[in-house]
Every structure is written in C-alpha cells, then in structure tokens.
file final23.pdb (PDB, C-alpha atoms, pLDDT in the B column)
MODEL        1
ATOM      1  CA  MET A 121     -78.096  18.240  54.761  1.00 49.00           C
ATOM      2  CA  THR A 122     -75.569  19.827  57.005  1.00 50.00           C
ATOM      3  CA  GLU A 123     -71.937  18.890  56.839  1.00 48.00           C
ATOM      4  CA  HIS A 124     -72.159  17.450  60.358  1.00 41.00           C
ATOM      5  CA  GLN A 125     -74.948  15.061  59.272  1.00 48.00           C
ATOM      6  CA  GLN A 126     -72.957  13.882  56.271  1.00 51.00           C
ATOM      7  CA  GLN A 127     -69.800  13.065  58.169  1.00 52.00           C
ATOM      8  CA  GLY A 128     -69.383  10.593  60.983  1.00 47.00           C
ATOM      9  CA  GLN A 129     -67.088  10.784  63.981  1.00 43.00           C
ATOM     10  CA  GLY A 130     -63.899  10.112  61.971  1.00 43.00           C
ATOM     11  CA  GLY A 131     -64.722  12.584  59.218  1.00 56.00           C
ATOM     12  CA  GLY A 132     -65.936   9.901  56.766  1.00 84.00           C
ATOM     13  CA  ILE A 133     -69.343   9.735  55.159  1.00 91.00           C
ATOM     14  CA  THR A 134     -71.866   7.828  57.253  1.00 96.00           C
ATOM     15  CA  PRO A 135     -73.574   4.692  55.904  1.00 96.00           C
ATOM     16  CA  GLU A 136     -76.959   6.378  56.392  1.00 97.00           C
ATOM     17  CA  VAL A 137     -75.982   9.200  54.045  1.00 97.00           C
ATOM     18  CA  LEU A 138     -74.687   6.723  51.453  1.00 97.00           C
ATOM     19  CA  LYS A 139     -77.906   4.721  51.662  1.00 97.00           C
ATOM     20  CA  SER A 140     -80.028   7.854  51.332  1.00 97.00           C
ATOM     21  CA  ALA A 141     -77.957   9.062  48.373  1.00 98.00           C
ATOM     22  CA  MET A 142     -78.262   5.707  46.621  1.00 97.00           C
ATOM     23  CA  LYS A 143     -82.031   5.729  47.132  1.00 97.00           C
ATOM     24  CA  ALA A 144     -82.252   9.265  45.712  1.00 97.00           C
ATOM     25  CA  PHE A 145     -80.091   8.253  42.738  1.00 97.00           C
ATOM     26  CA  LYS A 146     -82.278   5.248  41.894  1.00 96.00           C
ATOM     27  CA  LYS A 147     -85.432   7.349  42.180  1.00 96.00           C
ATOM     28  CA  ARG A 148     -84.008  10.052  39.904  1.00 96.00           C
ATOM     29  CA  LEU A 149     -82.874   7.426  37.376  1.00 94.00           C
ATOM     30  CA  LYS A 150     -86.314   5.801  37.362  1.00 93.00           C
ATOM     31  CA  LEU A 151     -88.126   9.120  36.916  1.00 93.00           C
ATOM     32  CA  THR A 152     -85.747  10.195  34.157  1.00 91.00           C
ATOM     33  CA  ALA A 153     -86.279   6.909  32.317  1.00 87.00           C
ATOM     34  CA  LEU A 154     -90.076   7.186  32.656  1.00 87.00           C
ATOM     35  CA  ASP A 155     -89.952  10.754  31.375  1.00 87.00           C
ATOM     36  CA  ASP A 156     -87.871   9.665  28.388  1.00 83.00           C
ATOM     37  CA  ASP A 157     -90.207   6.737  27.630  1.00 77.00           C
ATOM     38  CA  SER A 158     -93.289   8.973  27.662  1.00 79.00           C
ATOM     39  CA  ARG A 159     -91.995  11.401  25.028  1.00 73.00           C
ATOM     40  CA  LEU A 160     -94.133  12.154  22.020  1.00 70.00           C
ATOM     41  CA  GLY A 161     -92.938  10.820  18.718  1.00 65.00           C
ATOM     42  CA  ARG A 162     -92.169   7.359  19.947  1.00 61.00           C
ATOM     43  CA  GLY A 163     -94.080   4.669  18.071  1.00 61.00           C
ATOM     44  CA  PRO A 164     -96.665   2.629  19.985  1.00 61.00           C
ATOM     45  CA  PHE A 165     -95.040  -0.641  18.936  1.00 65.00           C
ATOM     46  CA  SER A 166     -91.461   0.342  19.535  1.00 64.00           C
ATOM     47  CA  GLY A 167     -90.861  -1.342  22.852  1.00 61.00           C
ATOM     48  CA  GLY A 168     -87.592  -2.225  24.388  1.00 60.00           C
ATOM     49  CA  ALA A 169     -85.328  -0.858  27.019  1.00 57.00           C
ATOM     50  CA  THR A 170     -85.160   2.810  27.828  1.00 59.00           C
ATOM     51  CA  GLY A 171     -82.373   4.875  26.363  1.00 75.00           C
ATOM     52  CA  VAL A 172     -81.485   6.381  29.763  1.00 80.00           C
ATOM     53  CA  PHE A 173     -78.679   4.620  31.587  1.00 88.00           C
ATOM     54  CA  ALA A 174     -76.613   7.408  33.127  1.00 93.00           C
ATOM     55  CA  ILE A 175     -77.730  10.562  34.900  1.00 94.00           C
ATOM     56  CA  ARG A 176     -76.271  13.491  36.770  1.00 96.00           C
ATOM     57  CA  PRO A 177     -76.648  12.636  40.479  1.00 96.00           C
ATOM     58  CA  PRO A 178     -78.983  14.676  42.704  1.00 95.00           C
ATOM     59  CA  ASP A 179     -77.474  17.961  43.900  1.00 95.00           C
ATOM     60  CA  GLN A 180     -78.572  17.557  47.526  1.00 96.00           C
ATOM     61  CA  PHE A 181     -75.511  15.365  48.180  1.00 97.00           C
ATOM     62  CA  PRO A 182     -71.917  16.528  47.725  1.00 96.00           C
ATOM     63  CA  GLN A 183     -69.650  15.095  45.033  1.00 96.00           C
ATOM     64  CA  GLU A 184     -67.670  13.178  47.680  1.00 96.00           C
ATOM     65  CA  VAL A 185     -70.718  10.983  48.356  1.00 97.00           C
ATOM     66  CA  TRP A 186     -70.954   9.955  44.700  1.00 96.00           C
ATOM     67  CA  LYS A 187     -67.210   9.322  44.526  1.00 96.00           C
ATOM     68  CA  GLU A 188     -67.471   7.082  47.598  1.00 96.00           C
ATOM     69  CA  LEU A 189     -70.372   5.116  46.079  1.00 97.00           C
ATOM     70  CA  HIS A 190     -68.275   4.733  42.927  1.00 96.00           C
ATOM     71  CA  ARG A 191     -65.309   3.545  44.990  1.00 96.00           C
ATOM     72  CA  GLN A 192     -67.532   0.958  46.681  1.00 96.00           C
ATOM     73  CA  GLY A 193     -68.712  -0.323  43.288  1.00 96.00           C
ATOM     74  CA  LYS A 194     -72.338   0.742  43.763  1.00 96.00           C
ATOM     75  CA  LEU A 195     -72.158   3.260  40.893  1.00 96.00           C
ATOM     76  CA  ARG A 196     -70.163   3.481  37.677  1.00 96.00           C
ATOM     77  CA  ASP A 197     -68.669   6.764  36.508  1.00 95.00           C
ATOM     78  CA  SER A 198     -69.767   7.384  32.914  1.00 94.00           C
ATOM     79  CA  GLY A 199     -67.719  10.565  32.540  1.00 92.00           C
ATOM     80  CA  ASN A 200     -68.751  14.218  32.327  1.00 93.00           C
ATOM     81  CA  GLY A 201     -70.318  14.077  35.795  1.00 93.00           C
ATOM     82  CA  LEU A 202     -72.727  11.272  34.902  1.00 95.00           C
ATOM     83  CA  TYR A 203     -73.131   8.067  36.892  1.00 96.00           C
ATOM     84  CA  GLU A 204     -74.912   4.811  36.167  1.00 96.00           C
ATOM     85  CA  LEU A 205     -75.741   1.627  38.030  1.00 95.00           C
ATOM     86  CA  PRO A 206     -73.403  -1.350  37.575  1.00 93.00           C
ATOM     87  CA  LYS A 207     -74.443  -3.818  34.851  1.00 85.00           C
ATOM     88  CA  GLY A 208     -76.196  -6.267  37.192  1.00 77.00           C
ATOM     89  CA  GLU A 209     -78.129  -3.499  38.983  1.00 70.00           C
ATOM     90  CA  GLN A 210     -79.577  -1.886  35.843  1.00 64.00           C
ATOM     91  CA  ASP A 211     -82.260  -4.540  35.437  1.00 58.00           C
ATOM     92  CA  ARG A 212     -83.402  -4.276  39.064  1.00 60.00           C
ATOM     93  CA  ALA A 213     -83.728  -0.484  39.246  1.00 58.00           C
TER
ENDMDL
END
call {"tool": "encode", "arguments": {"input": "final23.pdb", "output": "structure tokens"}}
result
Amino acid sequence: MTEHQQQGQGGGITPEVLKSAMKAFKKRLKLTALDDDSRLGRGPFSGGATGVFAIRPPDQFPQEVWKELHRQGKLRDSGNGLYELPKGEQDRA
C-alpha cells in the first residue's frame, strides 16, 4: 500500500485501511493457530484451545495502523511487538 492510500485527507489512517488490517490480522492469527494445532507430537485425544493467542502483525501495514487499532480497543498489545484480540473477540476469531 502506498502512503497516500493509508492516510486520509487529514493525515489520519482511513477506516478502510483499519478494516483491511484487522481482517489480515484475524486471518494470520487463524492460520497460525491451525498450523500450531497440526504439529506432530500432539496426542490425538489432547483437545482444547490452541496455544496461540498473540502474533506479530502482518508487515504489509505500518506500525501506526496497529497502534491505532490498539488505541481503539480492537487489539491488545502483548509486548515485544505481539498483538492479540481482546478477551471477548478471541472466541469469535
């Protein structure tokens, strides 16, 4: 994405970019969790929730986008550059 596409008239990040970034984040989180669940060495009867809750956000969006989503309460900062969905959103992702 170009910088012009990411910023609106006033220099802020457009809602379309935030929506696209959130969609990309959820997709990456889902794929990471599926990859973790399909690892060898996991017992066939050991069910339960995945161990993946926080991921590094996709690189195609700048850090300012993720900080804005965090400010809006749509993501939680887990530290070390990792983000996760808020508690209520984790079950729906």
call {"tool": "resolve_selection", "arguments": {"input": "final23.pdb", "expression": "the PyMOL selection byres ((chain A and resi 150) around 12)", "output": "VMD selection string"}}
result
chain A and resid 143 to 149 151 to 157 170 to 175 204 to 205 210 to 213
call {"tool": "write_last_selection", "arguments": {"input": "final23.pdb", "atoms": "C-alpha atoms", "output": "compact mmCIF listing (two decimals), in the coordinates of the input"}}
result
# COMPACT_ATOMS: atom_id res chain seq x y z
CA LYS A 143 -82.03 5.73 47.13
CA ALA A 144 -82.25 9.26 45.71
CA PHE A 145 -80.09 8.25 42.74
CA LYS A 146 -82.28 5.25 41.89
CA LYS A 147 -85.43 7.35 42.18
CA ARG A 148 -84.01 10.05 39.90
CA LEU A 149 -82.87 7.43 37.38
CA LEU A 151 -88.13 9.12 36.92
CA THR A 152 -85.75 10.20 34.16
CA ALA A 153 -86.28 6.91 32.32
CA LEU A 154 -90.08 7.19 32.66
CA ASP A 155 -89.95 10.75 31.38
CA ASP A 156 -87.87 9.66 28.39
CA ASP A 157 -90.21 6.74 27.63
CA THR A 170 -85.16 2.81 27.83
CA GLY A 171 -82.37 4.88 26.36
CA VAL A 172 -81.48 6.38 29.76
CA PHE A 173 -78.68 4.62 31.59
CA ALA A 174 -76.61 7.41 33.13
CA ILE A 175 -77.73 10.56 34.90
CA GLU A 204 -74.91 4.81 36.17
CA LEU A 205 -75.74 1.63 38.03
CA GLN A 210 -79.58 -1.89 35.84
CA ASP A 211 -82.26 -4.54 35.44
CA ARG A 212 -83.40 -4.28 39.06
CA ALA A 213 -83.73 -0.48 39.25
call {"tool": "closest_residue", "arguments": {"input": "final23.pdb", "among": "A:Arg176, A:Arg159, A:Leu138, A:Phe181", "to": "Arg196 (chain A)", "atoms": "all atoms listed in the file"}}
result
A:Arg176
call {"tool": "atom_distance", "arguments": {"input": "final23.pdb", "atom1": "CA of Gly199 (chain A)", "atom2": "CA of Gly132 (chain A)"}}
result
24.3 Å
call {"tool": "resolve_selection", "arguments": {"input": "final23.pdb", "expression": "the PyMOL selection byres ((chain A and resi 183) around 12)", "output": "PyMOL selection string"}}
result
chain A and resi 126+133+138+141+176-182+184-190+197+201-203
call {"tool": "atom_distance", "arguments": {"input": "final23.pdb", "atom1": "CA of Pro206 (chain A)", "atom2": "CA of Leu160 (chain A)"}}
result
29.2 Å
